[in-house]
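Shown here: model-v4.csv, CSV, C-alpha atoms.
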```csv
chain,number,residue,atom,x,y,z
A,505,MET,CA,4.1,19.3,27.5
A,506,SER,CA,6.2,20.5,24.5
A,507,ALA,CA,6.2,18.4,21.3
A,508,PRO,CA,9.8,17.1,21.5
A,509,ALA,CA,9.4,16.1,25.2
A,510,LYS,CA,6.2,14.3,24.3
A,511,HIS,CA,8.0,12.5,21.5
A,512,VAL,CA,10.7,11.4,23.9
A,513,ASP,CA,8.0,10.2,26.2
A,514,VAL,CA,6.4,8.1,23.4
A,515,LEU,CA,9.8,6.6,22.5
A,516,ALA,CA,10.5,5.7,26.1
A,517,ALA,CA,7.0,4.2,26.4
A,518,ALA,CA,7.5,2.2,23.2
A,519,ASP,CA,10.9,1.0,24.5
A,520,ASP,CA,9.4,0.0,27.8
A,521,LEU,CA,6.6,-1.9,26.0
A,522,ARG,CA,9.0,-3.8,23.9
A,523,ARG,CA,11.2,-4.7,26.8
A,524,ARG,CA,8.5,-5.8,29.1
A,525,THR,CA,5.1,-6.8,27.7
A,526,LEU,CA,6.1,-7.7,24.2
A,527,ALA,CA,9.4,-9.4,25.1
A,528,GLY,CA,7.5,-12.6,25.7
A,529,MET,CA,5.9,-12.5,22.3
A,530,ALA,CA,8.5,-13.6,19.8
A,531,GLN,CA,6.2,-13.7,16.7
A,532,PRO,CA,4.9,-10.5,15.0
A,533,LEU,CA,1.5,-12.2,14.6
A,534,GLU,CA,1.2,-12.7,18.3
A,535,ARG,CA,2.2,-9.1,18.9
A,536,LEU,CA,-0.2,-7.9,16.3
A,537,ILE,CA,-3.2,-9.7,17.8
A,538,TYR,CA,-2.3,-8.6,21.3
A,539,LEU,CA,-1.7,-5.0,20.4
A,540,ALA,CA,-5.0,-4.9,18.4
A,541,SER,CA,-6.8,-6.1,21.5
A,542,THR,CA,-5.6,-3.1,23.4
A,543,ARG,CA,-7.4,-0.8,21.0
A,544,ASP,CA,-10.9,0.4,21.8
A,545,TYR,CA,-13.2,-0.5,18.9
A,546,ASN,CA,-15.3,2.6,19.4
A,547,THR,CA,-12.6,5.2,19.6
A,548,GLY,CA,-9.7,3.6,17.9
A,549,LEU,CA,-7.5,4.6,20.8
A,550,TYR,CA,-5.1,2.2,22.5
A,551,TYR,CA,-5.0,1.7,26.2
A,552,HIS,CA,-2.6,-0.1,28.5
A,553,HIS,CA,-3.0,0.4,32.2
A,554,GLY,CA,0.5,-0.1,33.4
A,555,LEU,CA,2.0,1.9,30.6
A,556,ALA,CA,-0.4,4.8,31.1
A,557,LEU,CA,0.5,4.8,34.8
A,558,ARG,CA,4.2,4.8,34.1
A,559,PHE,CA,4.1,7.5,31.3
A,560,SER,CA,0.8,9.1,30.3
A,561,GLU,CA,-2.3,7.9,28.6
A,562,GLU,CA,-1.4,9.8,25.4
A,563,ALA,CA,2.2,8.5,25.3
A,564,ALA,CA,1.0,5.0,26.0
A,565,CYS,CA,-1.5,5.2,23.2
A,566,GLU,CA,1.0,6.4,20.7
A,567,ALA,CA,3.6,3.9,21.8
A,568,LEU,CA,1.1,1.0,21.4
A,569,ALA,CA,0.1,2.3,18.0
A,570,ASP,CA,3.8,2.5,16.9
A,571,CYS,CA,4.4,-1.1,18.1
A,572,HIS,CA,1.2,-2.2,16.4
A,573,ARG,CA,2.4,-0.7,13.0
A,574,GLU,CA,5.8,-2.2,13.5
A,575,ALA,CA,4.4,-5.7,14.1
A,576,PHE,CA,2.2,-5.3,11.0
A,577,GLU,CA,5.2,-4.3,8.8
A,578,GLU,CA,7.1,-7.3,10.0
A,579,LEU,CA,4.1,-9.5,8.9
A,580,VAL,CA,4.1,-7.8,5.4
A,581,ASP,CA,7.8,-8.6,5.0
A,582,ALA,CA,7.4,-12.2,6.2
A,583,SER,CA,7.6,-15.0,3.7
A,584,LEU,CA,4.8,-17.5,3.4
A,585,GLU,CA,6.9,-20.1,5.1
A,586,GLN,CA,7.6,-17.8,8.1
A,587,LEU,CA,3.9,-17.0,8.3
A,588,VAL,CA,2.9,-20.6,8.4
A,589,HIS,CA,5.4,-21.1,11.2
A,590,GLU,CA,4.1,-18.0,13.1
A,591,LEU,CA,0.5,-19.1,12.7
A,592,GLY,CA,1.4,-22.5,14.0
A,593,ALA,CA,3.2,-21.1,17.0
A,594,TYR,CA,0.3,-18.7,17.7
A,595,LEU,CA,-2.2,-21.6,17.5
A,596,GLU,CA,-0.1,-23.5,20.0
A,597,SER,CA,0.1,-20.5,22.3
A,598,THR,CA,-3.7,-20.1,22.4
A,599,ARG,CA,-4.2,-23.6,23.7
A,600,VAL,CA,-7.4,-23.9,21.7
A,601,ALA,CA,-8.1,-27.2,19.9
A,602,PRO,CA,-6.4,-26.8,16.5
A,603,ASN,CA,-9.6,-27.7,14.6
A,604,ASP,CA,-11.7,-25.1,16.5
A,605,PHE,CA,-9.0,-22.5,15.9
A,606,ILE,CA,-8.9,-23.1,12.2
A,607,VAL,CA,-12.7,-23.2,11.8
A,608,ALA,CA,-13.0,-19.9,13.8
A,609,TRP,CA,-10.2,-18.2,11.9
A,610,LYS,CA,-11.5,-19.3,8.5
A,611,GLY,CA,-15.0,-18.3,9.4
A,612,LEU,CA,-14.5,-15.1,11.3
A,613,GLU,CA,-11.2,-13.9,9.8
A,614,PRO,CA,-10.4,-12.1,13.1
A,615,TYR,CA,-7.1,-10.8,11.6
A,616,ARG,CA,-9.1,-8.4,9.4
A,617,VAL,CA,-9.9,-6.2,12.5
A,618,ALA,CA,-6.4,-6.5,13.9
A,619,ILE,CA,-4.6,-4.2,11.4
A,620,PRO,CA,-3.4,-0.8,12.4
A,621,VAL,CA,-5.2,2.4,11.2
A,622,GLY,CA,-3.7,4.1,8.1
A,623,ILE,CA,-2.2,1.1,6.5
A,624,ASP,CA,-2.2,0.9,2.7
A,625,SER,CA,-5.0,-1.4,1.5
A,626,LEU,CA,-2.6,-3.4,-0.7
A,627,SER,CA,-0.3,-4.3,2.2
A,628,SER,CA,-3.3,-5.4,4.3
A,629,GLU,CA,-4.8,-7.4,1.4
A,630,LEU,CA,-1.4,-9.1,0.9
A,631,VAL,CA,-1.3,-10.1,4.6
A,632,PHE,CA,-4.9,-11.3,4.6
A,633,SER,CA,-4.2,-13.3,1.5
A,634,ASN,CA,-1.1,-14.9,2.9
A,635,LEU,CA,-2.9,-15.7,6.2
A,636,LYS,CA,-5.7,-17.4,4.2
A,637,VAL,CA,-3.1,-19.6,2.4
A,638,ALA,CA,-1.2,-20.3,5.6
A,639,LEU,CA,-4.4,-21.4,7.3
A,640,ALA,CA,-5.1,-23.7,4.4
A,641,ILE,CA,-1.6,-25.2,4.7
A,642,LEU,CA,-2.0,-25.7,8.5
A,643,GLU,CA,-5.4,-27.3,8.0
A,644,ALA,CA,-4.0,-29.7,5.4
A,645,ARG,CA,-1.3,-30.7,7.9
A,646,LEU,CA,-3.7,-31.3,10.6
A,647,THR,CA,-5.9,-33.4,8.4
A,648,ALA,CA,-2.9,-35.4,7.3
A,649,ARG,CA,-1.9,-35.9,10.9
A,650,THR,CA,-5.3,-37.1,12.1
A,651,LYS,CA,-5.6,-39.6,9.2
A,652,PRO,CA,-4.4,-43.0,10.4
A,653,GLY,CA,-1.1,-44.0,8.8
A,654,ALA,CA,-0.7,-40.6,7.2
A,655,SER,CA,2.7,-39.1,8.2
A,656,ARG,CA,3.8,-37.3,5.1
A,657,HIS,CA,3.3,-33.8,6.5
A,658,PRO,CA,5.0,-32.5,9.7
A,659,SER,CA,3.0,-31.3,12.7
A,660,PRO,CA,1.3,-27.9,12.5
A,661,VAL,CA,4.0,-26.3,14.6
A,662,GLN,CA,7.5,-26.7,13.3
B,679,MET,CA,-29.8,32.9,-53.4
B,680,ILE,CA,-27.4,29.9,-53.1
B,681,GLY,CA,-24.6,32.4,-52.3
B,682,LEU,CA,-26.6,33.9,-49.5
B,683,VAL,CA,-27.4,30.4,-48.0
B,684,LEU,CA,-23.7,29.5,-48.2
B,685,TYR,CA,-22.6,32.8,-46.4
B,686,LEU,CA,-25.3,32.1,-43.8
B,687,LEU,CA,-24.0,28.6,-43.3
B,688,VAL,CA,-20.4,29.8,-43.0
B,689,GLY,CA,-21.6,32.4,-40.5
B,690,VAL,CA,-23.5,29.9,-38.4
B,691,GLY,CA,-20.5,27.6,-38.5
B,692,LEU,CA,-18.2,30.3,-37.3
B,693,LEU,CA,-20.6,31.1,-34.5
B,694,VAL,CA,-20.7,27.5,-33.4
B,695,ILE,CA,-16.9,27.3,-33.4
B,696,LEU,CA,-16.8,30.5,-31.3
B,697,TRP,CA,-19.3,29.1,-28.9
B,698,VAL,CA,-17.4,25.8,-28.6
B,699,LEU,CA,-14.2,27.6,-28.0
B,700,ALA,CA,-15.8,29.8,-25.4
B,701,ARG,CA,-17.2,26.9,-23.5
B,702,ARG,CA,-13.9,24.9,-23.6
B,703,GLU,CA,-12.8,23.9,-20.1
B,704,ARG,CA,-9.8,25.8,-18.8
B,705,ALA,CA,-7.6,24.8,-15.9
B,706,PRO,CA,-9.5,26.4,-13.0
B,707,VAL,CA,-7.0,28.6,-11.1
B,708,GLU,CA,-8.8,28.0,-7.8
B,709,GLY,CA,-8.5,24.3,-8.2
B,710,CYS,CA,-4.7,24.3,-8.8
B,711,GLY,CA,-3.9,23.9,-5.1
B,712,ARG,CA,-6.0,20.8,-4.8
B,713,GLN,CA,-4.5,19.4,-8.0
B,714,PHE,CA,-1.0,19.9,-6.5
B,715,VAL,CA,-1.9,18.2,-3.3
B,716,GLU,CA,-3.6,15.3,-5.2
B,717,ALA,CA,-0.5,14.9,-7.4
B,718,ARG,CA,1.7,14.9,-4.3
B,719,GLN,CA,-0.6,12.3,-2.7
B,720,ALA,CA,-0.4,10.1,-5.8
B,721,LEU,CA,3.4,10.4,-5.7
B,722,ARG,CA,3.6,9.5,-2.1
B,723,THR,CA,1.3,6.5,-2.6
B,724,LEU,CA,3.5,5.3,-5.4
B,725,GLN,CA,6.8,5.9,-3.6
B,726,LEU,CA,5.8,4.6,-0.1
B,727,GLY,CA,2.8,2.3,-0.8
B,728,LEU,CA,3.2,0.7,-4.2
B,729,LEU,CA,6.7,0.8,-5.4
B,730,PRO,CA,8.9,-0.1,-2.4
B,731,ASP,CA,11.2,-3.0,-3.3
B,732,ASN,CA,10.2,-5.2,-0.3
B,733,LEU,CA,6.5,-5.1,-1.3
B,734,ILE,CA,7.2,-5.9,-4.9
B,735,LYS,CA,9.6,-8.7,-3.9
B,736,ARG,CA,6.9,-10.1,-1.5
B,737,ILE,CA,4.2,-10.1,-4.1
B,738,PHE,CA,6.2,-11.7,-6.9
B,739,ASP,CA,8.6,-13.8,-4.7
B,740,ARG,CA,9.2,-17.2,-6.3
B,741,GLU,CA,10.2,-18.6,-2.9
B,742,ASP,CA,6.6,-18.5,-1.7
B,743,PHE,CA,5.6,-20.3,-4.8
B,744,ARG,CA,8.2,-23.0,-4.4
B,745,TYR,CA,7.3,-23.4,-0.8
B,746,VAL,CA,3.6,-24.0,-1.5
B,747,MET,CA,4.3,-26.3,-4.4
B,748,ALA,CA,6.6,-28.4,-2.2
B,749,MET,CA,4.2,-28.5,0.7
B,750,SER,CA,0.9,-28.9,-0.9
B,751,PRO,CA,0.7,-28.7,-4.7
B,752,GLY,CA,-3.0,-29.6,-5.1
B,753,GLU,CA,-5.8,-27.4,-4.1
B,754,ILE,CA,-3.7,-25.2,-1.9
B,755,GLY,CA,-1.3,-24.6,-4.7
B,756,GLU,CA,-4.2,-23.4,-6.8
B,757,LEU,CA,-5.6,-21.2,-4.0
B,758,PHE,CA,-2.2,-19.7,-3.6
B,759,LEU,CA,-1.8,-18.9,-7.3
B,760,GLN,CA,-5.3,-17.5,-7.4
B,761,GLU,CA,-4.6,-15.3,-4.4
B,762,ARG,CA,-1.3,-14.0,-5.8
B,763,LYS,CA,-2.8,-13.3,-9.1
B,764,ARG,CA,-5.6,-11.3,-7.4
B,765,ILE,CA,-3.0,-9.3,-5.3
B,766,SER,CA,-0.7,-8.6,-8.3
B,767,LEU,CA,-3.7,-7.4,-10.4
B,768,MET,CA,-4.7,-5.2,-7.5
B,769,TRP,CA,-1.2,-3.8,-7.3
B,770,LEU,CA,-1.1,-3.2,-11.0
B,771,ARG,CA,-4.5,-1.4,-11.0
B,772,ARG,CA,-3.4,0.8,-8.2
B,773,VAL,CA,-0.1,1.7,-9.9
B,774,ARG,CA,-1.9,2.5,-13.1
B,775,CYS,CA,-4.4,4.6,-11.4
B,776,GLU,CA,-1.7,6.7,-9.6
B,777,ILE,CA,0.3,7.0,-12.8
B,778,ARG,CA,-2.7,8.3,-14.6
B,779,ASN,CA,-3.2,10.8,-11.8
B,780,LEU,CA,0.3,12.0,-12.1
B,781,MET,CA,0.1,12.1,-15.9
B,782,GLN,CA,-3.1,14.2,-15.7
B,783,PHE,CA,-1.3,16.6,-13.3
B,784,HIS,CA,1.6,17.0,-15.7
B,785,LEU,CA,-0.7,17.5,-18.7
B,786,ASN,CA,-2.8,20.1,-17.0
B,787,TYR,CA,-0.8,22.0,-14.5
B,788,SER,CA,3.0,21.5,-14.7
B,789,ARG,CA,3.2,24.5,-17.1
B,790,LEU,CA,1.9,26.7,-14.3
B,791,HIS,CA,4.7,26.1,-11.8
B,792,ALA,CA,7.7,24.5,-13.6
B,793,LYS,CA,9.6,25.6,-16.6
B,794,LEU,CA,10.4,22.2,-18.0
B,795,SER,CA,12.8,22.0,-21.0
B,796,LEU,CA,11.5,20.4,-24.2
B,797,LEU,CA,13.8,17.5,-23.7
B,798,THR,CA,12.4,16.8,-20.2
B,799,GLU,CA,8.9,17.1,-21.5
B,800,ILE,CA,9.6,14.6,-24.3
B,801,ARG,CA,11.3,12.2,-21.9
B,802,LEU,CA,8.4,12.5,-19.5
B,803,ALA,CA,5.8,11.9,-22.2
B,804,LEU,CA,7.8,8.8,-23.4
B,805,ASP,CA,8.0,7.5,-19.9
B,806,PHE,CA,4.3,7.9,-19.3
B,807,THR,CA,3.5,6.2,-22.6
B,808,LEU,CA,5.9,3.4,-21.8
B,809,LEU,CA,4.4,3.0,-18.4
B,810,LEU,CA,0.8,2.8,-19.6
B,811,LEU,CA,1.9,0.3,-22.3
B,812,ALA,CA,3.8,-1.7,-19.7
B,813,CYS,CA,0.7,-1.7,-17.5
B,814,ARG,CA,-1.4,-3.1,-20.3
B,815,ALA,CA,1.2,-5.7,-21.3
B,816,LEU,CA,1.6,-6.8,-17.6
B,817,ARG,CA,-2.1,-7.1,-17.2
B,818,MET,CA,-2.3,-9.4,-20.1
B,819,LEU,CA,0.7,-11.4,-18.9
B,820,LEU,CA,-0.8,-11.7,-15.4
B,821,TYR,CA,-4.1,-13.0,-16.9
B,822,MET,CA,-2.4,-15.4,-19.2
B,823,ARG,CA,0.7,-16.6,-17.3
B,824,GLY,CA,0.0,-15.7,-13.7
B,825,PRO,CA,2.2,-13.6,-11.3
B,826,TYR,CA,5.3,-15.8,-11.9
B,827,GLY,CA,5.4,-15.4,-15.6
B,828,ALA,CA,5.8,-11.7,-15.8
B,829,GLY,CA,9.0,-10.9,-13.8
B,830,ALA,CA,10.7,-9.0,-16.6
B,831,MET,CA,7.7,-6.8,-17.3
B,832,VAL,CA,7.4,-6.0,-13.6
B,833,GLY,CA,11.0,-4.8,-13.7
B,834,VAL,CA,10.4,-2.6,-16.8
B,835,LEU,CA,7.3,-1.1,-15.1
B,836,THR,CA,8.9,-0.4,-11.8
B,837,ALA,CA,11.9,1.2,-13.4
B,838,ALA,CA,9.8,3.5,-15.6
B,839,ALA,CA,7.6,4.3,-12.7
B,840,GLY,CA,10.7,5.2,-10.6
B,841,ARG,CA,11.8,7.6,-13.4
B,842,VAL,CA,8.4,9.3,-13.6
B,843,CYS,CA,8.3,9.6,-9.8
B,844,ALA,CA,11.7,11.2,-9.8
B,845,SER,CA,10.6,13.8,-12.4
B,846,SER,CA,7.4,14.4,-10.6
B,847,GLU,CA,9.2,14.8,-7.3
B,848,LYS,CA,11.2,17.7,-8.9
B,849,SER,CA,8.1,19.4,-10.1
B,850,LEU,CA,6.4,19.1,-6.7
B,851,ALA,CA,9.5,19.8,-4.6
B,852,PHE,CA,8.2,23.2,-3.6
B,853,LEU,CA,5.4,21.4,-1.6
B,854,ASN,CA,8.0,19.7,0.6
B,855,PRO,CA,8.3,21.1,4.2
B,856,PRO,CA,11.9,22.5,3.8
B,857,ALA,CA,10.7,24.5,0.7
B,858,LEU,CA,7.8,25.9,2.7
B,859,GLU,CA,10.2,26.8,5.5
B,860,SER,CA,12.4,28.8,3.2
B,861,ILE,CA,9.4,30.7,1.9
B,862,ARG,CA,8.3,31.3,5.4
B,863,ARG,CA,11.8,32.7,6.2
B,864,ASP,CA,11.7,34.9,3.2
B,865,SER,CA,8.3,36.2,3.9
B,866,ALA,CA,7.5,39.1,6.3
B,867,GLY,CA,7.5,38.5,10.0
B,868,ASP,CA,3.8,37.9,10.1
B,869,GLY,CA,4.1,35.2,7.5
B,870,ALA,CA,1.7,37.0,5.2
B,871,THR,CA,3.3,35.7,2.0
B,872,ILE,CA,2.1,32.1,2.7
```
Show this structure as C-alpha cells.
Amino acid sequence: MSAPAKHVDVLAAADDLRRRTLAGMAQPLERLIYLASTRDYNTGLYYHHGLALRFSEEAACEALADCHREAFEELVDASLEQLVHELGAYLESTRVAPNDFIVAWKGLEPYRVAIPVGIDSLSSELVFSNLKVALAILEARLTARTKPGASRHPSPVQ
Amino acid sequence: MIGLVLYLLVGVGLLVILWVLARRERAPVEGCGRQFVEARQALRTLQLGLLPDNLIKRIFDREDFRYVMAMSPGEIGELFLQERKRISLMWLRRVRCEIRNLMQFHLNYSRLHAKLSLLTEIRLALDFTLLLLACRALRMLLYMRGPYGAGAMVGVLTAAAGRVCASSEKSLAFLNPPALESIRRDSAGDGATI
C-alpha cells in the first residue's frame, strides 16, 4: 500500500474509533486508560480486533496511537478543577468502592503506565502531579462525606 | 650565567606555550553534523516541548491555585504548592539546559555555516546572557516565593527564549526538509550532492 493511501486508512480508522468505541467515553482520562489498555506491554503495539478487521492491523494500531496521544494532550490542557471532575466521573464509571479505588490509585499509580510513547517528560510529570493532587482532593471529599454531620464538601462526582 | 638561565627559561616557556596551543581543542569537522542535529533537537524541544503557551499557562496558572485554596487549603494546598514548585523547577532546568545547548552550538559552530552580521551576533549574545540571568533569577524566585510569585520573570524568560529560538531557527533553516528538497533538486539525478 502506498504511503498516502495508508495515511488515509489511518485517518479513517481513527475517525471510526472516535465515532464508535470512544463516543461513549466523554472524559479524556477514561479514553486514556482505555486506549492504554489496548497496548501490548511487551511490544508497545496497539491492537483492536474490530478495527483491525475493518481496516488493517497497522492502520488500527496507528489510529489507536493517535487517539491515545490526543487524549493525553487533552489531559495536559485540563485545569485541576476539570481533572478532579474527570477523576470523579471515572471513579464512578468503574463501579469500584471509592476508598478501594483511591487506595489502589495512590499506591499503584496506574496512570504512570497509561501515557503514550514519545511524550515529553515534563508534560507527563505535569499530568502525574495534577492527578496526585486531584486524588488527594477526592479523598478529602470522601472522608468529609463519610464523617457524620460533615457536609461541607460536595460528593466526589460533581 | 644568569643571562643563559634566563634565555633557557624563556625558551622553555615558549615551548610550553607552543605545546599548549598545539593541543588546544578545535571544532572537529567530523562532529559538526552531529552538533547541527543536536542543536536542531534542542530547538525543537524548546519550541514544541517547553515553550508552548498552553504548557506555560498550565504550569503557572493561578486558577488552579485559587481552586485548590478554595476547596482544601490545608494539607492539600501545601501538597499542590509543593508539586507545582517541583514542576516549575523541572521546567526551568530543562529550558536552561536546552538554552545552554543552543548557546554552545552558536559559540562553536555557527561561524561554519552562517554569516551572521556583527549586530546579530551582539544581539544573540545579549539574549543568551539575559536568558541565563533570567534563569538564575527565576530559580531564586521559585525557591523563595513559589511558582505564583514569579509571573513577570516567567514572561521575560519566555520572551527572550522565543527570540533566541527565532535566531537559531534561521541558522538551522537549512536542515528543514524543504531546504533539503531544494538541494536534492539542484543536485545531479543520482542525488550525489547530498
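Here atom CA of B:Ile754 stands at a distance of 18.8 Å from atom CA of A:Phe605.
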Atom CA of B:Tyr826 and atom CA of B:Phe738, how far apart in Å?
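Going from atom CA of B:Phe738 over to atom CA of B:Tyr826 covers 6.5 Å.
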Residues within 8 Å of A:Leu579, please, as a ChimeraX atom specification. Count only C-alpha atoms; anything in the same chain fewer than 3 positions from it doesn't count.
/A:532-533,575-576,582,587,631
Can you tell me, as a list in words, what residues are no more than 8 Å from A:Leu539 when counting only C-alpha atoms, ignoring any on the same chain fewer than 2 positions away?
Arg535, Leu536, Ile537, Ser541, Thr542, Arg543, Leu568, Ala569, Cys571 and His572 of chain A
Emit the selected residues as a PDB file, in the coordinates of the input, including C-alpha atoms.
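File produced: again21.pdb:
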```
ATOM      1  CA  ARG A 535       2.200  -9.100  18.900  1.00  0.00           C
ATOM      2  CA  LEU A 536      -0.200  -7.900  16.300  1.00  0.00           C
ATOM      3  CA  ILE A 537      -3.200  -9.700  17.800  1.00  0.00           C
ATOM      4  CA  SER A 541      -6.800  -6.100  21.500  1.00  0.00           C
ATOM      5  CA  THR A 542      -5.600  -3.100  23.400  1.00  0.00           C
ATOM      6  CA  ARG A 543      -7.400  -0.800  21.000  1.00  0.00           C
ATOM      7  CA  LEU A 568       1.100   1.000  21.400  1.00  0.00           C
ATOM      8  CA  ALA A 569       0.100   2.300  18.000  1.00  0.00           C
ATOM      9  CA  CYS A 571       4.400  -1.100  18.100  1.00  0.00           C
ATOM     10  CA  HIS A 572       1.200  -2.200  16.400  1.00  0.00           C
TER      11      HIS A 572
END
```
Hey, which bits of chain B sit within 7 Å of chain A, and for each residue what's the closest pair of atoms and how far apart in Å (one decimal), counting all atoms listed in the file, rows by chain and increasing number, as a Markdown table?
```
| residue | atom | partner | partner_atom | distance |
| --- | --- | --- | --- | --- |
| B:Gly727 | CA | A:Asp624 | CA | 6.3 |
| B:Asn732 | CA | A:Asp581 | CA | 6.7 |
| B:Arg736 | CA | A:Asp581 | CA | 6.7 |
| B:Asp742 | CA | A:Leu584 | CA | 5.5 |
| B:Tyr745 | CA | A:Glu585 | CA | 6.8 |
| B:Ile754 | CA | A:Ala640 | CA | 6.6 |
| B:Phe758 | CA | A:Val637 | CA | 6.1 |
| B:Glu761 | CA | A:Ser633 | CA | 6.2 |
| B:Ile765 | CA | A:Leu630 | CA | 6.4 |
| B:Trp769 | CA | A:Leu626 | CA | 6.8 |
```
note - atom CA of A:Pro614 and atom CA of A:Val514 are separated by 28.2 Å
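With distances taken over all atoms listed in the file, A:Asp570 is the one residue among A:Glu562, A:Asp570, A:Tyr538, A:Tyr551 lying closest to A:Asp519.
The shortest atom-to-atom distance to A:Asp520, with only C-alpha atoms taken into account, belongs to A:Leu555 out of A:Leu555, A:Leu549, A:Val617, A:Leu612.
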Around the point (12.9, 10.0, -12.4) in the file's coordinates, collect all residues with an atom within 12 Å, using all atoms listed in the file, and return them as an mmCIF file with C-alpha atoms, keeping the file's coordinate frame.
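Result written to selection.cif:
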```cif
data_model
loop_
_atom_site.group_PDB
_atom_site.id
_atom_site.type_symbol
_atom_site.label_atom_id
_atom_site.label_comp_id
_atom_site.auth_asym_id
_atom_site.auth_seq_id
_atom_site.Cartn_x
_atom_site.Cartn_y
_atom_site.Cartn_z
ATOM 1 C CA LEU B 721 3.400 10.400 -5.700
ATOM 2 C CA GLN B 725 6.800 5.900 -3.600
ATOM 3 C CA THR B 798 12.400 16.800 -20.200
ATOM 4 C CA ARG B 801 11.300 12.200 -21.900
ATOM 5 C CA LEU B 802 8.400 12.500 -19.500
ATOM 6 C CA ASP B 805 8.000 7.500 -19.900
ATOM 7 C CA PHE B 806 4.300 7.900 -19.300
ATOM 8 C CA THR B 836 8.900 -0.400 -11.800
ATOM 9 C CA ALA B 837 11.900 1.200 -13.400
ATOM 10 C CA ALA B 838 9.800 3.500 -15.600
ATOM 11 C CA ALA B 839 7.600 4.300 -12.700
ATOM 12 C CA GLY B 840 10.700 5.200 -10.600
ATOM 13 C CA ARG B 841 11.800 7.600 -13.400
ATOM 14 C CA VAL B 842 8.400 9.300 -13.600
ATOM 15 C CA CYS B 843 8.300 9.600 -9.800
ATOM 16 C CA ALA B 844 11.700 11.200 -9.800
ATOM 17 C CA SER B 845 10.600 13.800 -12.400
ATOM 18 C CA SER B 846 7.400 14.400 -10.600
ATOM 19 C CA GLU B 847 9.200 14.800 -7.300
ATOM 20 C CA LYS B 848 11.200 17.700 -8.900
ATOM 21 C CA SER B 849 8.100 19.400 -10.100
#
```
Would you pick out the contacts of B:Leu819 at 8 Å or less, using all atoms listed in the file, so that residues sharing its chain but fewer than 5 positions from it are not included, and give the list as a PyMOL selection string?
chain B and resi 824+827-828
Using only C-alpha atoms, please write the residues we just selected to a file, as a PDB file, in the coordinates of the input.
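Saved as part.pdb:
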```
ATOM      1  CA  GLY B 824       0.000 -15.700 -13.700  1.00  0.00           C
ATOM      2  CA  GLY B 827       5.400 -15.400 -15.600  1.00  0.00           C
ATOM      3  CA  ALA B 828       5.800 -11.700 -15.800  1.00  0.00           C
TER       4      ALA B 828
END
```
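Here the question is which of B:Leu820, B:Ala700, B:Leu804, B:Val683 gets nearest to B:Val832 using all atoms listed in the file, and that residue is B:Leu820.
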Which residue out of A:Asn546, A:Arg616, A:Ser628, A:Thr598 has the minimum interatomic distance to A:Glu577 when only C-alpha atoms are used?
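Using only C-alpha atoms, A:Glu577 sits closest to A:Ser628.
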